[in-house]
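Colleague: One structure is given below, represented as structure tokens, and several questions about it will come after.
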Amino acid sequence: MAKAVIKGIPVSAGIAIGKALFLNRNRFENVPRRALPPHVVPLERERLTQAFLDTAKDLEAAREKIPLELRDHAGIIDSHLMILKDPKLRGAAEKYLEEHAICAEWALEKAVADVRRAFSALDDPYIRERMNDVRMVGERVMVHLMGDEPDFGAIEDRVVLMAHDLAPADTVELEVDKIMSFATSLGAKTSHTGILARSLQIPAVVGVTDLEKSVTDGDLVIVDGLKGRIIIEPDDEELNRYETLGRQFQNYQKSIIRFCHLPGETRDGYSVSVLANIELFEEVAQVLDNGGEGVGLLRTEYRYMNRRELPTEDELCEEYSDLASILSPRTLTIRTLDIGADKMFTHFGHLEETNPAMGLRAIRFCMRYPEVFKTQIRAILRAAVWGNVRVMFPMISGLKELRFAKGLFLEAQAELRREGVDFNPEIPFGIMVEVPSAVMVSEFLAQEVDFFSIGTNDLIQYSMGIDRTNRYVSYLYQPLHPAIVRMIKHTVDAAHEAGIEVGLCGEMASDPFCVPILMGMGMDSLSMNPQAVPGIKRIIRQTDMDECTELLKLVLESRTVSRTNRLVRDIIFQRFPEELTFYTSLLDIEEAQ
């Protein structure tokens with residue numbers, strides 16, 4: 001039996017077995033807390049300033065050292081430089097230092113803690129992950145204040161790298177051929193560590209509970225990037241089992257990658273577009289390599305966060321145009337801002353909201369600040385000249401919001417026309433159906449848009465009245481709850497009755513247990529993380545619509561989640577046993593309770 005098994009979030013699939021090397025990066029755990037006599041305060045401020053300057057030099061040097069095969073990740077380091085040079089973080093630390101006469105380390109800890117508090121109340125895991133960018137930058141500054149910088153060059157043999165977290169600049173310094181796998185205490189599915197691991201095609205698990213307490217250098221560990229487990233000092237039986245599983249997964253990957261560029265089409269000829277969800281420019285390569293037929297969801301929030309000034313129309317247009325050009329003729333679906341003023345506090349000032357997830361965000365935020373919305377719309381209209389661009393509005397709850405958004409589009413078009421600026425007036429409009437009210441009026445909404453995209457992550461939370469990241473109630477995050485299945489079916493039917501396309505861009509789209517049911521509903525497209533595309537295409541290409549329709553019929557007759565889950569498991573076990581072995585399903589959430 002292993003010494004211990006600890007769990008985290010699987011972010012890059014595969015199995016790695018090797019010796020652990022731990023890089024202790026959590027410098028915020030042992031920050032010195034010293035009060036200063038008044039005459040020392042100016043000197044300490046100078047030390048803090050120098051630490052910020054030295055960190056900037058480090059990041060710039062790291063950017064220069066990026067090897068050609070990782071050049072696409074330079075933007076991540078640029079974003080950290082942007083945070084570093086934003087006076088917000090540095091100004092807050094300086095203020096604490098001067099007003100409270102405390103040492104630079106303590107002042108910096110307080111400034112980073114302020115950011116953590118501001119972000120911790122947010123519901124969106126992607127947005128919360130951006131808080132980690134600020135913390136990573138703070139850690140690098142802390143290295144210059146406290147010393148003890150990790151010596152990446154000292155890694156000699158291939159190792160399983162363990163860390164509190166890995167900043168993009170850290171990963172650039174690593175010799176990737178010596179790294180078998182990553183495991184970190186922090187991180188989420190959208191973390192940079194996960195994106196990098198997927199790019200390098202090495203197993204990774206993030207957000208591992210008790211990683212720092214459980215693992216010491218030299219431990220033999222198994223990183224299970226399929227189920228999100230770290231097995232420490234496994235016995236011979238476990239070792240043999242995982243070695244076999246690793247070989248099986250490699251063979252499975254080779255088989256699905258070989259056919260990932262074939263269309264998403266069932267054996268009886270029903271086509272489903274298999275698209276990808278992305279947020280960073282560097283993810284486009286994964287989309288294309290994995291056979292993605294376009295981008296079904298481009299999150300646009302990142303460009304607005306952690307900066308003092310809002311992005312300009314030209315800046316946004318350039319980014320969207322580059323993406324549209326690279327993907328052309330594939331689809332690029334740009335979701336307009338799904339953000340609240342609480343996350344753009346640098347520009348708008350801090351906005352107090354008891355529950356920001358249900359407050360002034362997404363289209364509601366854009367209605368309150370139309371000038372911000374119009375800048376983004378003008379950029380999208382101009383970029384649409386360069387490719388097959390669609391625009392999608394988030395969190396629409398009824399016709400009023402939809403008509404507001406379309407009205408602003410018409411205004412922006414009129415302005416661009418008067419100014420003689422080139423733009424695409426034929427850009428398709430769509431909405432995300434992610435709140436229950438949108439489902440209930442989907443027949444009306446479908447009359448006024450070109451497509452629906454069902455955002456099941458939020459739809460399930462708002463319908464079930466739960467926060468899926470809350471460990472006490474996350475078991476209620478049930479994608480196959482009879483209410484959720486019926487809501488999705490109702491939305492699909494409303495779209496098709498109006499003659500428009502409907503897709504799904506939540507995590508359900510990447511869950512092989514849910515895909516046959518979604519296909520049975522007649523879904524036109526599924527959009528997921530790029531890594532999931534080959535596996536989902538395999539499911540689609542080995543399925544008949546008749547069996548999907550029959551499965552849906554049984555699911556709709558089911559009155560409980562447990563019965564539905566058992567039913568789906570039995571069918572997947574018979575039809576796709578490998579997926580049952582290699583994938584973690586949303587259905588596992590209920591089972592784990």
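Scheme for the structure tokens: letters A, B, ... for chains in order shown; per-chain residue numbers from 1; ligand numbers from 1 in order shown.
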What lies within 12 Å of range 438-447 of chain A using only C-alpha atoms, ignoring chain neighbours under 4 positions off, as a PyMOL selection string?

Modeller: chain A and resi 394-403+429-434+451-456+459-460+462-463+483-502

Colleague: According to DSSP computed on the backbone, where in range 212-438 of chain A is there strand (DSSP E or B)? Give the residues as a count of residues only.

Modeller: 40

Colleague: Quick one: pick out all helix (DSSP H, G or I) residues within range 266-493 of chain A from a backbone DSSP run and write them as number ranges by chain.

Modeller: A: 281-289, 302-304, 313-327, 341-343, 345-348, 356-358, 362-368, 370-386, 399-419, 436-440, 442-446, 456-464, 474-476, 482-493

Colleague: When you count only C-alpha atoms, which of these residues is closest to Ala163 in chain A: A:Leu381, A:Leu23, A:Ala56, A:Leu220?

Modeller: A:Leu23

Colleague: Skip Gly465 in chain A itself and residues of its chain fewer than 2 positions away, then list as a tab-separated table (two decimals) with N, CA and C atoms, in the first residue's frame all residues within 12 Å of it, counting only C-alpha atoms.

Modeller:
chain	number	residue	atom	x	y	z
A	357	ALA	N	-21.43	37.37	-8.05
A	357	ALA	CA	-21.79	36.39	-9.08
A	357	ALA	C	-23.21	36.60	-9.56
A	358	MET	N	-24.04	37.17	-8.72
A	358	MET	CA	-25.44	37.40	-9.10
A	358	MET	C	-25.72	38.90	-9.16
A	435	VAL	N	-29.03	31.41	-17.68
A	435	VAL	CA	-29.86	31.65	-16.50
A	435	VAL	C	-31.25	31.09	-16.80
A	436	PRO	N	-31.96	30.61	-15.77
A	436	PRO	CA	-33.24	29.94	-16.02
A	436	PRO	C	-34.26	30.81	-16.78
A	458	ASP	N	-22.93	27.78	-15.49
A	458	ASP	CA	-23.75	28.73	-14.73
A	458	ASP	C	-25.21	28.28	-14.67
A	459	LEU	N	-25.72	27.73	-15.76
A	459	LEU	CA	-27.13	27.32	-15.77
A	459	LEU	C	-27.42	26.33	-14.64
A	460	ILE	N	-26.51	25.38	-14.43
A	460	ILE	CA	-26.72	24.40	-13.36
A	460	ILE	C	-26.67	25.09	-11.99
A	461	GLN	N	-25.68	25.97	-11.82
A	461	GLN	CA	-25.56	26.64	-10.52
A	461	GLN	C	-26.78	27.49	-10.20
A	462	TYR	N	-27.19	28.29	-11.19
A	462	TYR	CA	-28.33	29.18	-10.93
A	462	TYR	C	-29.63	28.39	-10.79
A	463	SER	N	-29.76	27.30	-11.53
A	463	SER	CA	-30.99	26.51	-11.46
A	463	SER	C	-31.08	25.74	-10.14
A	467	ASP	N	-23.35	26.97	-5.26
A	467	ASP	CA	-22.02	27.34	-5.73
A	467	ASP	C	-21.24	26.04	-5.88
A	468	ARG	N	-20.85	25.70	-7.10
A	468	ARG	CA	-20.22	24.38	-7.31
A	468	ARG	C	-18.84	24.28	-6.69
A	470	ASN	N	-18.31	25.31	-3.64
A	470	ASN	CA	-18.55	25.19	-2.20
A	470	ASN	C	-18.63	23.70	-1.83
A	473	VAL	N	-21.97	22.01	-0.70
A	473	VAL	CA	-23.15	21.85	-1.57
A	473	VAL	C	-22.78	21.44	-2.99
A	474	SER	N	-21.48	21.27	-3.27
A	474	SER	CA	-21.07	20.99	-4.65
A	474	SER	C	-21.65	19.67	-5.18
A	475	TYR	N	-22.09	18.77	-4.26
A	475	TYR	CA	-22.69	17.51	-4.72
A	475	TYR	C	-23.98	17.76	-5.49
A	476	LEU	N	-24.54	18.97	-5.33
A	476	LEU	CA	-25.78	19.29	-6.06
A	476	LEU	C	-25.51	19.80	-7.48
A	477	TYR	N	-24.25	19.89	-7.83
A	477	TYR	CA	-23.92	20.25	-9.21
A	477	TYR	C	-24.12	19.00	-10.06
A	478	GLN	N	-25.33	18.84	-10.57
A	478	GLN	CA	-25.73	17.60	-11.22
A	478	GLN	C	-26.18	17.87	-12.66

Colleague: Can you tell me, as a list in words, what residues are no more than 7 Å from range 553-562 of chain A when counting only C-alpha atoms, ignoring any on the same chain fewer than 5 positions away?

Modeller: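 Once the nearby chain positions are removed, what remains is Leu480, His481 and Pro482 of chain A.
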
Colleague: Identify, on the basis of only C-alpha atoms, every residue whose closest approach to His80 in chain A does not exceed 8 Å; exclude the query and any residue fewer than 6 positions from it along the same chain; express the result as a list in words.

Modeller: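 Listed by chain and then number, they are Leu59, Asp133, Val134 and Val137 of chain A.
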
Colleague: I want to know what sits within 7 Å of Tyr320 in chain A, based on only C-alpha atoms, with residues of the same chain fewer than 3 positions away left out; could you give that as number ranges by chain?

Modeller: A: 316-317, 323-324, 380, 383

Colleague: Write a file of the selected residues as a PDB file, in the first residue's frame, keeping N, CA, C and O atoms.

Modeller:
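Below is the file part24.pdb, written as the result:
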ATOM      1  N   LEU A 316      -7.647  45.983 -28.780  1.00  0.00           N
ATOM      2  CA  LEU A 316      -8.558  44.832 -28.851  1.00  0.00           C
ATOM      3  C   LEU A 316      -8.702  44.343 -30.286  1.00  0.00           C
ATOM      4  O   LEU A 316      -8.689  43.143 -30.559  1.00  0.00           O
ATOM      5  N   CYS A 317      -8.831  45.304 -31.211  1.00  0.00           N
ATOM      6  CA  CYS A 317      -9.009  44.951 -32.624  1.00  0.00           C
ATOM      7  C   CYS A 317      -7.821  44.139 -33.126  1.00  0.00           C
ATOM      8  O   CYS A 317      -7.990  43.149 -33.847  1.00  0.00           O
ATOM      9  N   LEU A 323      -6.405  36.602 -34.101  1.00  0.00           N
ATOM     10  CA  LEU A 323      -7.076  35.317 -33.850  1.00  0.00           C
ATOM     11  C   LEU A 323      -7.946  34.913 -35.033  1.00  0.00           C
ATOM     12  O   LEU A 323      -7.923  33.762 -35.483  1.00  0.00           O
ATOM     13  N   ALA A 324      -8.705  35.876 -35.542  1.00  0.00           N
ATOM     14  CA  ALA A 324      -9.611  35.579 -36.667  1.00  0.00           C
ATOM     15  C   ALA A 324      -8.821  35.129 -37.891  1.00  0.00           C
ATOM     16  O   ALA A 324      -9.218  34.192 -38.594  1.00  0.00           O
ATOM     17  N   ILE A 380     -14.596  44.405 -32.295  1.00  0.00           N
ATOM     18  CA  ILE A 380     -15.059  43.127 -32.868  1.00  0.00           C
ATOM     19  C   ILE A 380     -15.532  43.334 -34.301  1.00  0.00           C
ATOM     20  O   ILE A 380     -15.206  42.540 -35.199  1.00  0.00           O
ATOM     21  N   ALA A 383     -12.513  43.697 -36.479  1.00  0.00           N
ATOM     22  CA  ALA A 383     -11.744  42.448 -36.592  1.00  0.00           C
ATOM     23  C   ALA A 383     -12.463  41.425 -37.467  1.00  0.00           C
ATOM     24  O   ALA A 383     -11.825  40.557 -38.070  1.00  0.00           O
TER      25      ALA A 383
END

Colleague: Which residue gives the smallest distance to Glu578 in chain A among A:Pro37, A:Leu108, A:Asn132, A:Phe249, with only C-alpha atoms counted?

Modeller: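 Of A:Pro37, A:Leu108, A:Asn132, A:Phe249, the one nearest Glu578 in chain A, counting only C-alpha atoms, is A:Phe249.
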
Colleague: Could you tell me which of A:Arg247, A:Arg34, A:Lys110, A:Arg135 comes closest to Tyr96 in chain A if we count only C-alpha atoms?

Modeller: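 For Tyr96 in chain A, the nearest of the candidates is A:Lys110.
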
Colleague: Please determine, counting only C-alpha atoms, which residue among A:Ile179, A:Cys366, A:Ala13, A:Ala285 has the shortest atom-to-atom distance to Val205 in chain A.

Modeller: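 Residue with the minimum atom-to-atom distance to Val205 in chain A: A:Ala13.
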
Colleague: Write out as a Markdown table the residues of range 343-430 of chain A that have any atom within 7 Å of an atom of range 329-337 of chain A, one row each with the nearest atom pair and its distance in Å to one decimal, counting only C-alpha atoms, sorted by chain and then rising number.

Modeller:
| residue | atom | partner | partner_atom | distance |
| --- | --- | --- | --- | --- |
| A:Ala362 | CA | A:Leu337 | CA | 5.7 |
| A:Gly387 | CA | A:Pro329 | CA | 6.3 |
| A:Asn388 | CA | A:Thr331 | CA | 5.0 |
| A:Val389 | CA | A:Leu332 | CA | 4.8 |
| A:Arg390 | CA | A:Thr333 | CA | 4.6 |
| A:Val391 | CA | A:Ile334 | CA | 4.9 |
| A:Met392 | CA | A:Arg335 | CA | 4.6 |
| A:Phe393 | CA | A:Thr336 | CA | 5.6 |
| A:Pro394 | CA | A:Arg335 | CA | 6.7 |

Colleague: May I have the residues from that selection written out with C-alpha atoms, as a PDB file, in the first residue's frame?

Modeller:
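Contents of result.pdb, as written:
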ATOM      1  CA  ALA A 362     -21.720  40.507 -17.937  1.00  0.00           C
ATOM      2  CA  GLY A 387     -12.192  35.999 -40.573  1.00  0.00           C
ATOM      3  CA  ASN A 388     -15.335  34.107 -39.709  1.00  0.00           C
ATOM      4  CA  VAL A 389     -16.233  35.991 -36.515  1.00  0.00           C
ATOM      5  CA  ARG A 390     -19.415  35.615 -34.473  1.00  0.00           C
ATOM      6  CA  VAL A 391     -20.335  37.656 -31.401  1.00  0.00           C
ATOM      7  CA  MET A 392     -22.026  36.275 -28.301  1.00  0.00           C
ATOM      8  CA  PHE A 393     -23.589  38.131 -25.368  1.00  0.00           C
ATOM      9  CA  PRO A 394     -23.348  36.524 -21.901  1.00  0.00           C
TER      10      PRO A 394
END

Colleague: With only C-alpha atoms as the atoms that count, which of A:Val223, A:Leu567, A:Ile15, A:Ile572 lies nearest to Pro512 in chain A?

Modeller: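 Using only C-alpha atoms, Pro512 in chain A sits closest to A:Ile572.
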
Colleague: Kindly indicate which residue among A:Phe52, A:Phe259, A:Phe404, A:Phe513 lies nearest to Cys548 in chain A, using only C-alpha atoms for the distances.

Modeller: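 The closest residue to Cys548 in chain A is A:Phe513.
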
Colleague: Quick one: residues within 6 Å of Glu233 in chain A, only C-alpha atoms counted, chain neighbours fewer than 2 positions away excluded, as a ChimeraX atom specification?

Modeller: /A:2-3,220-221
